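Below: query20.tsv (TSV, C-alpha atoms)
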```
chain	number	residue	atom	x	y	z
P	1	MET	CA	38.20	-27.29	-10.55
P	2	ASN	CA	39.27	-25.44	-7.42
P	3	ARG	CA	37.66	-22.31	-8.72
P	4	ARG	CA	34.33	-24.09	-9.18
P	5	THR	CA	34.58	-25.66	-5.76
P	6	SER	CA	35.22	-22.31	-4.11
P	7	ARG	CA	32.27	-20.78	-5.89
P	8	ARG	CA	29.98	-23.51	-4.65
P	9	THR	CA	31.30	-23.11	-1.15
P	10	LEU	CA	30.51	-19.39	-1.14
P	11	LYS	CA	26.88	-19.96	-2.07
P	12	PRO	CA	24.47	-19.81	0.90
P	13	PRO	CA	22.71	-23.10	1.70
P	14	SER	CA	19.33	-23.53	0.02
P	15	TRP	CA	17.71	-23.91	3.42
P	16	LEU	CA	19.16	-20.58	4.61
P	17	PRO	CA	17.61	-17.91	2.41
P	18	VAL	CA	19.15	-14.46	2.61
P	19	ASP	CA	16.47	-12.18	1.25
P	20	PRO	CA	18.09	-9.54	-1.01
P	21	TYR	CA	15.45	-7.12	0.18
P	22	ILE	CA	16.68	-7.54	3.75
P	23	LEU	CA	20.14	-6.56	2.50
P	24	ALA	CA	18.58	-3.48	0.90
P	25	LEU	CA	16.89	-2.64	4.20
P	26	ILE	CA	20.17	-2.99	6.07
P	27	GLY	CA	21.85	-0.75	3.49
P	28	THR	CA	19.10	1.83	3.99
P	29	VAL	CA	19.64	1.78	7.75
P	30	VAL	CA	23.39	2.28	7.23
P	31	LEU	CA	22.67	5.18	4.86
P	32	ALA	CA	20.40	6.79	7.44
P	33	ALA	CA	23.11	6.35	10.08
P	34	LEU	CA	25.77	7.98	7.92
P	35	LEU	CA	23.63	10.59	6.14
P	36	PRO	CA	20.44	11.17	8.14
P	37	ALA	CA	17.88	13.59	6.75
P	38	SER	CA	17.55	16.63	8.98
P	39	GLY	CA	16.04	20.11	8.79
P	40	PRO	CA	14.31	20.88	5.47
P	41	ALA	CA	15.55	17.57	4.02
P	42	ALA	CA	13.70	15.72	6.80
P	43	ASP	CA	10.48	17.58	5.92
P	44	VAL	CA	10.87	16.59	2.26
P	45	ALA	CA	11.65	12.97	3.16
P	46	GLY	CA	8.68	12.86	5.53
P	47	GLY	CA	6.27	14.19	2.90
P	48	ALA	CA	7.60	11.77	0.29
P	49	SER	CA	7.29	8.90	2.78
P	50	THR	CA	3.66	9.81	3.51
P	51	GLY	CA	2.81	9.88	-0.19
P	52	ALA	CA	4.66	6.62	-0.82
P	53	VAL	CA	2.76	4.83	1.95
P	54	ALA	CA	-0.59	6.06	0.58
P	55	LEU	CA	0.39	4.78	-2.87
P	56	LEU	CA	1.47	1.47	-1.36
P	57	PHE	CA	-1.91	0.81	0.24
P	58	PHE	CA	-3.75	2.03	-2.85
P	59	LEU	CA	-1.95	-0.69	-4.81
P	60	TYR	CA	-2.83	-3.24	-2.11
P	61	GLY	CA	-6.49	-2.37	-2.57
P	62	ALA	CA	-6.25	-2.52	-6.36
P	63	ARG	CA	-4.67	-5.98	-6.23
P	64	LEU	CA	-7.08	-7.71	-3.86
P	65	SER	CA	-9.83	-9.40	-5.82
P	66	THR	CA	-13.17	-8.93	-4.06
P	67	ALA	CA	-14.53	-12.06	-5.76
P	68	ASP	CA	-11.62	-14.18	-4.52
P	69	ALA	CA	-12.01	-12.79	-1.01
P	70	LEU	CA	-15.73	-13.63	-0.94
P	71	ASP	CA	-15.02	-17.10	-2.32
P	72	GLY	CA	-12.43	-17.66	0.40
P	73	LEU	CA	-15.04	-17.04	3.10
P	74	LYS	CA	-16.27	-20.58	2.50
P	75	HIS	CA	-13.29	-21.78	4.54
P	76	TRP	CA	-14.19	-19.51	7.44
P	77	ARG	CA	-12.96	-21.81	10.25
P	78	LEU	CA	-9.44	-21.79	8.86
P	79	HIS	CA	-9.43	-18.01	8.45
P	80	LEU	CA	-10.73	-17.44	11.96
P	81	THR	CA	-7.98	-19.72	13.27
P	82	VAL	CA	-5.30	-17.70	11.45
P	83	LEU	CA	-6.81	-14.44	12.71
P	84	ALA	CA	-6.85	-15.82	16.25
P	85	CYS	CA	-3.15	-16.69	15.98
P	86	THR	CA	-2.31	-13.28	14.53
P	87	PHE	CA	-4.43	-10.97	16.67
P	88	VAL	CA	-5.01	-12.99	19.87
P	89	ALA	CA	-2.17	-15.44	20.55
P	90	PHE	CA	0.59	-13.13	19.30
P	91	PRO	CA	-0.60	-10.10	21.36
P	92	ILE	CA	-0.88	-12.25	24.50
P	93	LEU	CA	2.73	-13.34	24.09
P	94	GLY	CA	3.66	-9.73	23.37
P	95	LEU	CA	2.10	-8.62	26.63
P	96	ALA	CA	3.95	-11.39	28.46
P	97	SER	CA	7.21	-9.90	27.16
P	98	GLY	CA	6.67	-7.05	29.60
P	99	GLY	CA	8.22	-9.36	32.19
P	100	LEU	CA	11.52	-9.12	30.31
P	101	VAL	CA	11.88	-5.43	31.19
P	102	PRO	CA	14.38	-4.16	32.26
P	103	TYR	CA	16.63	-7.21	32.62
P	104	VAL	CA	16.39	-8.51	29.02
P	105	LEU	CA	14.73	-5.75	26.98
P	106	THR	CA	14.66	-2.00	27.41
P	107	PRO	CA	11.18	-0.42	27.62
P	108	GLN	CA	11.58	0.95	24.08
P	109	LEU	CA	12.59	-2.42	22.61
P	110	GLN	CA	9.74	-4.11	24.46
P	111	GLU	CA	7.30	-1.64	22.90
P	112	GLY	CA	8.68	-2.58	19.49
P	113	PHE	CA	8.42	-6.27	20.43
P	114	LEU	CA	4.79	-5.78	21.42
P	115	PHE	CA	4.08	-3.82	18.24
P	116	LEU	CA	5.56	-6.71	16.24
P	117	CYS	CA	2.95	-8.97	17.81
P	118	LEU	CA	0.12	-6.67	16.64
P	119	VAL	CA	1.08	-6.56	12.94
P	120	PRO	CA	-0.95	-8.61	10.40
P	121	SER	CA	0.32	-11.73	8.68
P	122	THR	CA	2.31	-11.67	5.47
P	123	ILE	CA	0.94	-12.97	2.17
P	124	GLN	CA	3.73	-13.80	-0.28
P	125	SER	CA	5.98	-15.92	1.93
P	126	SER	CA	3.00	-17.71	3.50
P	127	ILE	CA	1.87	-18.73	0.02
P	128	ALA	CA	5.35	-19.76	-1.11
P	129	PHE	CA	6.07	-21.90	1.96
P	130	THR	CA	2.59	-23.46	1.93
P	131	SER	CA	3.10	-24.42	-1.71
P	132	MET	CA	6.58	-25.81	-0.98
P	133	ALA	CA	5.21	-27.94	1.87
P	134	ARG	CA	2.29	-29.15	-0.31
P	135	GLY	CA	-0.39	-27.45	1.77
P	136	ASN	CA	-3.66	-25.69	1.00
P	137	VAL	CA	-2.41	-22.81	-1.16
P	138	PRO	CA	-5.80	-21.17	-1.93
P	139	ALA	CA	-6.50	-21.07	1.81
P	140	ALA	CA	-3.10	-19.46	2.46
P	141	ILE	CA	-3.83	-16.80	-0.18
P	142	CYS	CA	-7.19	-15.90	1.34
P	143	ALA	CA	-5.97	-16.13	4.95
P	144	GLY	CA	-3.06	-13.78	4.28
P	145	SER	CA	-5.31	-11.35	2.41
P	146	PHE	CA	-7.93	-11.33	5.17
P	147	SER	CA	-5.24	-10.80	7.81
P	148	SER	CA	-3.75	-7.85	5.92
P	149	LEU	CA	-7.16	-6.27	5.45
P	150	ALA	CA	-8.15	-6.80	9.09
P	151	GLY	CA	-4.79	-5.46	10.24
P	152	ILE	CA	-5.49	-2.02	8.78
P	153	LEU	CA	-8.13	-1.64	11.48
P	154	LEU	CA	-7.08	-4.09	14.20
P	155	THR	CA	-3.39	-3.17	14.44
P	156	PRO	CA	-3.92	0.52	15.33
P	157	LEU	CA	-6.85	-0.36	17.60
P	158	LEU	CA	-4.80	-2.98	19.45
P	159	ALA	CA	-1.91	-0.51	19.62
P	160	ALA	CA	-4.24	2.06	21.19
P	161	LEU	CA	-5.44	-0.51	23.70
P	162	LEU	CA	-2.16	-2.22	24.60
P	163	LEU	CA	0.43	0.50	23.99
P	164	GLY	CA	-1.72	3.50	24.89
P	165	GLY	CA	0.21	6.61	25.77
P	166	GLY	CA	3.39	4.60	26.28
P	167	ALA	CA	4.30	4.75	22.60
P	168	ALA	CA	6.00	8.01	21.80
P	169	GLY	CA	3.93	10.03	19.40
P	170	PHE	CA	0.89	7.78	19.78
P	171	SER	CA	-2.44	9.52	20.24
P	172	ALA	CA	-5.97	9.63	18.90
P	173	ASP	CA	-4.60	11.70	16.03
P	174	SER	CA	-2.49	8.70	15.05
P	175	LEU	CA	-5.64	6.66	14.51
P	176	VAL	CA	-7.00	9.38	12.24
P	177	LYS	CA	-3.71	9.37	10.32
P	178	ILE	CA	-3.92	5.59	9.96
P	179	VAL	CA	-7.40	5.89	8.47
P	180	LEU	CA	-6.45	8.72	6.10
P	181	GLN	CA	-3.05	7.37	5.09
P	182	LEU	CA	-3.77	3.64	4.95
P	183	LEU	CA	-7.45	2.74	4.97
P	184	VAL	CA	-8.73	5.47	2.63
P	185	PRO	CA	-6.16	4.70	-0.11
P	186	PHE	CA	-6.87	0.98	0.29
P	187	LEU	CA	-10.62	1.50	-0.14
P	188	ALA	CA	-9.94	3.81	-3.10
P	189	GLY	CA	-7.93	1.03	-4.70
P	190	GLN	CA	-10.81	-1.39	-4.17
P	191	LEU	CA	-13.34	1.03	-5.65
P	192	LEU	CA	-11.14	1.77	-8.68
P	193	ARG	CA	-10.04	-1.84	-9.16
P	194	ARG	CA	-12.53	-2.26	-12.00
P	195	TRP	CA	-10.58	0.31	-14.05
P	196	VAL	CA	-7.01	-0.05	-12.72
P	197	GLY	CA	-6.96	-3.75	-11.85
P	198	GLY	CA	-5.90	-4.79	-15.34
P	199	PHE	CA	-3.05	-2.30	-15.39
P	200	VAL	CA	-1.87	-3.47	-11.96
P	201	SER	CA	-1.92	-7.12	-13.09
P	202	ARG	CA	-0.01	-6.39	-16.31
P	203	HIS	CA	2.68	-4.37	-14.54
P	204	ARG	CA	2.87	-6.38	-11.33
P	205	LYS	CA	6.66	-6.67	-11.32
P	206	VAL	CA	7.23	-2.97	-11.94
P	207	LEU	CA	4.71	-1.98	-9.29
P	208	GLY	CA	6.38	-4.47	-6.95
P	209	LEU	CA	9.48	-2.30	-7.19
P	210	VAL	CA	7.32	0.69	-6.26
P	211	ASP	CA	6.13	-1.25	-3.20
P	212	ARG	CA	9.63	-2.06	-2.04
P	213	GLY	CA	10.94	1.39	-2.83
P	214	SER	CA	8.17	2.89	-0.70
P	215	ILE	CA	9.15	0.71	2.24
P	216	LEU	CA	12.82	1.65	1.86
P	217	LEU	CA	11.83	5.33	1.93
P	218	VAL	CA	9.81	4.77	5.11
P	219	VAL	CA	12.78	2.99	6.72
P	220	TYR	CA	15.19	5.78	5.75
P	221	THR	CA	12.86	8.46	7.14
P	222	ALA	CA	12.24	6.58	10.40
P	223	PHE	CA	15.88	5.78	11.06
P	224	SER	CA	16.97	9.30	10.12
P	225	GLU	CA	14.62	10.69	12.76
P	226	GLY	CA	16.02	8.19	15.24
P	227	MET	CA	19.60	9.25	14.49
P	228	VAL	CA	18.76	12.95	14.87
P	229	ALA	CA	16.97	12.23	18.17
P	230	GLY	CA	19.93	10.13	19.40
P	231	ILE	CA	17.81	7.15	20.42
P	232	TRP	CA	20.29	4.62	19.00
P	233	GLN	CA	22.53	5.27	21.99
P	234	GLN	CA	20.01	3.23	23.98
P	235	VAL	CA	20.73	0.01	22.02
P	236	THR	CA	23.80	-2.11	22.82
P	237	PRO	CA	24.99	-5.35	21.15
P	238	LEU	CA	24.00	-7.22	24.30
P	239	ARG	CA	20.45	-5.86	24.08
P	240	LEU	CA	20.26	-6.80	20.40
P	241	GLY	CA	21.34	-10.35	21.23
P	242	ALA	CA	18.71	-10.53	23.96
P	243	LEU	CA	16.08	-9.26	21.49
P	244	LEU	CA	17.01	-11.97	18.97
P	245	GLY	CA	16.72	-14.61	21.70
P	246	ALA	CA	13.28	-13.36	22.74
P	247	GLU	CA	12.11	-13.36	19.12
P	248	ALA	CA	13.40	-16.90	18.58
P	249	VAL	CA	11.28	-18.05	21.54
P	250	LEU	CA	8.28	-16.12	20.19
P	251	LEU	CA	8.57	-17.73	16.75
P	252	ALA	CA	9.01	-21.21	18.21
P	253	LEU	CA	5.92	-20.79	20.39
P	254	MET	CA	3.76	-19.56	17.52
P	255	LEU	CA	4.89	-22.32	15.16
P	256	THR	CA	3.99	-24.86	17.85
P	257	ILE	CA	0.67	-23.25	18.77
P	258	SER	CA	-0.48	-22.89	15.15
P	259	TRP	CA	0.49	-26.47	14.20
P	260	TYR	CA	-0.78	-28.44	17.18
P	261	GLY	CA	-3.68	-26.07	17.85
P	262	ALA	CA	-4.93	-26.66	14.31
P	263	LYS	CA	-4.63	-30.40	14.90
P	264	ARG	CA	-6.75	-30.16	18.03
P	265	LEU	CA	-9.36	-28.24	16.05
P	266	GLY	CA	-9.63	-31.14	13.58
P	267	PHE	CA	-7.92	-29.63	10.52
P	268	GLY	CA	-6.25	-31.91	8.00
P	269	ARG	CA	-2.59	-31.82	7.00
P	270	GLU	CA	-2.96	-29.36	4.10
P	271	ASP	CA	-5.01	-26.93	6.18
P	272	ARG	CA	-2.64	-27.22	9.13
P	273	ILE	CA	0.28	-26.25	6.90
P	274	ALA	CA	-1.58	-23.15	5.67
P	275	ILE	CA	-2.52	-22.22	9.24
P	276	GLN	CA	1.03	-22.67	10.53
P	277	PHE	CA	2.69	-20.57	7.85
P	278	ALA	CA	0.02	-17.85	7.77
P	279	GLY	CA	-0.51	-17.80	11.52
P	280	SER	CA	3.13	-17.58	12.59
P	281	LYS	CA	4.28	-14.72	10.34
P	282	LYS	CA	4.30	-10.94	10.50
P	283	SER	CA	4.23	-8.54	7.57
P	284	LEU	CA	7.14	-6.15	7.21
P	285	ALA	CA	5.38	-4.31	4.36
P	286	ALA	CA	2.29	-3.57	6.48
P	287	GLY	CA	4.08	-3.01	9.80
P	288	LEU	CA	6.65	-0.42	8.73
P	289	PRO	CA	4.19	2.21	7.43
P	290	MET	CA	1.98	1.78	10.47
P	291	ALA	CA	4.93	2.19	12.83
P	292	SER	CA	6.00	5.39	11.09
P	293	VAL	CA	2.56	6.86	11.78
P	294	LEU	CA	2.11	5.51	15.31
P	295	PHE	CA	5.60	6.10	16.74
P	296	GLY	CA	6.87	9.17	14.90
P	297	ALA	CA	10.51	9.93	15.72
P	298	HIS	CA	10.78	6.71	17.74
P	299	ALA	CA	9.72	4.50	14.83
P	300	SER	CA	13.26	3.23	14.24
P	301	LEU	CA	13.36	1.36	17.56
P	302	ALA	CA	9.77	0.25	17.07
P	303	VAL	CA	10.45	-1.41	13.70
P	304	LEU	CA	13.80	-2.97	14.64
P	305	PRO	CA	12.19	-6.06	16.25
P	306	LEU	CA	9.92	-6.46	13.22
P	307	MET	CA	12.83	-6.28	10.76
P	308	LEU	CA	14.78	-8.91	12.70
P	309	PHE	CA	11.74	-11.17	13.11
P	310	HIS	CA	10.98	-10.94	9.39
P	311	GLN	CA	14.32	-12.45	8.37
P	312	MET	CA	14.18	-15.02	11.17
P	313	GLN	CA	10.76	-16.28	10.09
P	314	LEU	CA	11.96	-16.67	6.49
P	315	MET	CA	14.95	-18.75	7.52
P	316	VAL	CA	13.12	-21.00	9.97
P	317	CYS	CA	10.01	-21.52	7.85
P	318	ALA	CA	12.13	-22.39	4.81
P	319	VAL	CA	13.62	-25.27	6.76
P	320	ILE	CA	10.19	-26.43	7.99
P	321	ALA	CA	8.62	-26.20	4.52
P	322	LYS	CA	11.41	-28.22	2.96
P	323	ARG	CA	11.04	-30.96	5.56
P	324	ARG	CA	7.25	-31.05	5.21
P	325	SER	CA	7.64	-31.39	1.44
P	326	ARG	CA	9.22	-34.81	2.06
P	327	ASP	CA	6.35	-36.03	4.26
P	328	PRO	CA	4.39	-38.96	2.78
P	329	LEU	CA	0.95	-37.89	1.60
P	330	PRO	CA	-2.27	-39.87	1.98
P	331	ASP	CA	-3.70	-41.25	-1.24
P	332	SER	CA	-6.51	-38.71	-1.19
P	333	ALA	CA	-4.18	-35.71	-0.89
P	334	ARG	CA	-3.62	-33.59	-3.96
P	335	VAL	CA	-0.96	-30.99	-4.56
P	336	ARG	CA	-2.40	-27.54	-5.01
P	337	PRO	CA	-0.26	-25.48	-7.40
P	338	VAL	CA	0.37	-21.86	-6.47
P	339	PRO	CA	-1.02	-19.31	-8.89
P	340	ALA	CA	1.78	-17.44	-10.63
P	341	GLU	CA	0.14	-14.07	-10.05
P	342	ALA	CA	0.07	-14.61	-6.31
P	343	LEU	CA	3.85	-14.87	-6.05
P	344	ASN	CA	4.86	-11.99	-8.31
```
Conversion result in structure tokens:
Amino acid sequence: MNRRTSRRTLKPPSWLPVDPYILALIGTVVLAALLPASGPAADVAGGASTGAVALLFFLYGARLSTADALDGLKHWRLHLTVLACTFVAFPILGLASGGLVPYVLTPQLQEGFLFLCLVPSTIQSSIAFTSMARGNVPAAICAGSFSSLAGILLTPLLAALLLGGGAAGFSADSLVKIVLQLLVPFLAGQLLRRWVGGFVSRHRKVLGLVDRGSILLVVYTAFSEGMVAGIWQQVTPLRLGALLGAEAVLLALMLTISWYGAKRLGFGREDRIAIQFAGSKKSLAAGLPMASVLFGAHASLAVLPLMLFHQMQLMVCAVIAKRRSRDPLPDSARVRPVPAEALN
């Protein structure tokens, strides 16, 4: 009996999800700190990372159904609202974070904080939490997909406008690399979807491992470069705590803006749930490859705020979704089931 009780005690609460992938990311960072790639090994890791990112976005393009995307345009007001949260409200708050330098954030951490605000929304967790809270799941699917697609162009353009020459390694050449490394493979996946789409659907779980493995490789390469350059000496535990506090405020503001802003715009409960969960999130999978291209050797500091925010948004939104699932529904409301293929 005691043994069973102790086992139950050791389990994390259901409302506090610890994403195993986050643990894998932390392990990758530790590996890069202990055994960073340098010299010829860094060249090999960098080339493999570039190829992995291109493959990643090719698979994104092969997965996105053009027909579903066009059908989702019917709910254009909702999608524009999510895009406004992601690429207008977030960047404004990111710019406001400049007032935290140098007392709260270092200039490098503030650049990463601002970059976090420019990244597109995530898809999978937005769908999962919208479904849990009994919201408009089809709208969440389309909104997340549109945000990811728009982010391929808008994120580097906003970075050029708002970060400019301040981001180490950022230049006009970075925009060309974004197009060649991210947009071209994505469009190739769309064009070849007719022939490879079936294969991608049948092997979704296996290819999902390819996705995550690609991101881990990008993280290892970025943090290895940071270790070799010695930039981690600029980060102290006090600065990390300050960064977490700033991100908590950012998330709280965006959850409030997306929920009550959608109410002011006349959206119903189900649509407001989709807007809140899609409009308050940032994609780790899309942001990490972009940061590796835009920031070069300084990518490790640039992606640190995004990695921390990613886990924070999962924990907070899980609590909100569970509470919303207990809200009484009007008689006309209907639960929209989440398609199995959207969550795999």
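Nearest-residue note for Leu308 (chain P): choosing from P:Leu23, P:Ala89, P:Val101, P:Met227, the minimum distance belongs to P:Leu23, counting all atoms listed in the file.
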Show me, as CSV, the residues of region 29-112 of chain P having an atom within 9 Å of region 237-259 of chain P, each with the closest atom pair and its distance in Å, using all atoms listed in the file.
```
residue,atom,partner,partner_atom,distance
P:Thr81,CA,P:Ser258,CA,8.4
P:Val82,CA,P:Ser258,CA,8.0
P:Cys85,CA,P:Ser258,CA,6.8
P:Ala89,CA,P:Met254,CA,7.8
P:Phe90,CA,P:Met254,CA,7.4
P:Leu93,CA,P:Leu250,CA,7.3
P:Gly94,CA,P:Leu250,CA,8.5
P:Ser97,CA,P:Ala246,CA,8.3
P:Leu100,CA,P:Ala246,CA,8.9
P:Val104,CA,P:Ala242,CA,5.9
P:Leu105,CA,P:Arg239,CA,6.4
P:Thr106,CA,P:Arg239,CA,7.7
P:Leu109,CA,P:Leu243,CA,7.8
P:Gln110,CA,P:Leu243,CA,8.7
```
Point to revise | Spatial neighbours of Gln313 (chain P), max dist 8 Å, only C-alpha atoms, sep filter under 4 positions, as a count of residues only | key: 4
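Residues lying within 9 Å of region 262-274 of chain P, counting only C-alpha atoms and ignoring same-chain neighbours fewer than 3 positions away, are P:Leu78, P:Thr81, P:Val82, P:Ser126, P:Ile127, P:Phe129, P:Thr130, P:Ser131, P:Ala133, P:Arg134, P:Gly135, P:Asn136, P:Val137, P:Pro138, P:Ala139, P:Ala140, P:Ile141, P:Ala143, P:Ile257, P:Ser258, P:Trp259, P:Phe277, P:Ala278, P:Gly279, P:Ala321, P:Arg324, P:Leu329, P:Ala333.
The residue that comes closest to Arg323 (chain P), out of P:Gly112, P:Leu284, P:Thr236, P:Met132 and on the basis of all atoms listed in the file, is P:Met132.
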**Study point:** Computed interatomic separation between CA of Ile123 (chain P) and CA of Tyr60 (chain P) (Å)
**Key:** 11.3 Å
Study note, to complete from the structure: What separates CA of Leu55 (chain P) and CA of Val196 (chain P) is a distance of 13.2 Å
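The two atoms in question, CA of Ala54 (chain P) and CA of Val210 (chain P), are spaced 11.8 Å apart.
Taking all atoms listed in the file into account, Gln108 (chain P) lies nearest to P:Val235 out of the set P:Ala84, P:Ala45, P:Val293, P:Val235.
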Review point. With distances taken over all atoms listed in the file, which of P:Gln311, P:Ala285, P:Lys74, P:Phe295 is nearest to Ala160 (chain P)?
Key: P:Phe295
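Using all atoms listed in the file, the shortest contact distance between Gln124 (chain P) and any of P:Leu161, P:Val316, P:Gly208, P:Leu304 is found at P:Gly208.
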Review point. Of the candidates P:Ala302, P:Ala62, P:Val88, P:Val30, which one gets nearest to Leu154 (chain P) if we count only C-alpha atoms?
Key: P:Val88
Point to revise | Residue contacts of Phe186 (chain P) (9 Å, all atoms listed in the file) excluding same-chain residues fewer than 3 positions away, as a ChimeraX atom specification | key: /P:54-62,149,181-183,189-191
Six-sided padding of 4 Å per side, axis-aligned box over region 207-215 of chain P, centre and edges in Å, one decimal, as lines of an AutoDock Vina configuration file:
```
center_x = 7.8
center_y = -0.8
center_z = -3.5
size_x = 14.2
size_y = 15.4
size_z = 19.5
```
Polymer residues at most 9 Å from Ala286 (chain P), only C-alpha atoms, same-chain spacing of 6 or more positions, as a CSV table (one decimal) with C-alpha atoms, in the frame of the given file:
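Saved as part_6.csv:
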```csv
chain,number,residue,atom,x,y,z
P,57,PHE,CA,-1.9,0.8,0.2
P,119,VAL,CA,1.1,-6.6,12.9
P,120,PRO,CA,-1.0,-8.6,10.4
P,121,SER,CA,0.3,-11.7,8.7
P,122,THR,CA,2.3,-11.7,5.5
P,148,SER,CA,-3.8,-7.8,5.9
P,151,GLY,CA,-4.8,-5.5,10.2
P,152,ILE,CA,-5.5,-2.0,8.8
```
Practice item. Around the point (18.1, 16.5, 11.5) in the file's coordinates, collect all residues with an atom within 9 Å, using only C-alpha atoms, and return them as a PyMOL selection string. Key: chain P and resi 36-42+224-225+227-229
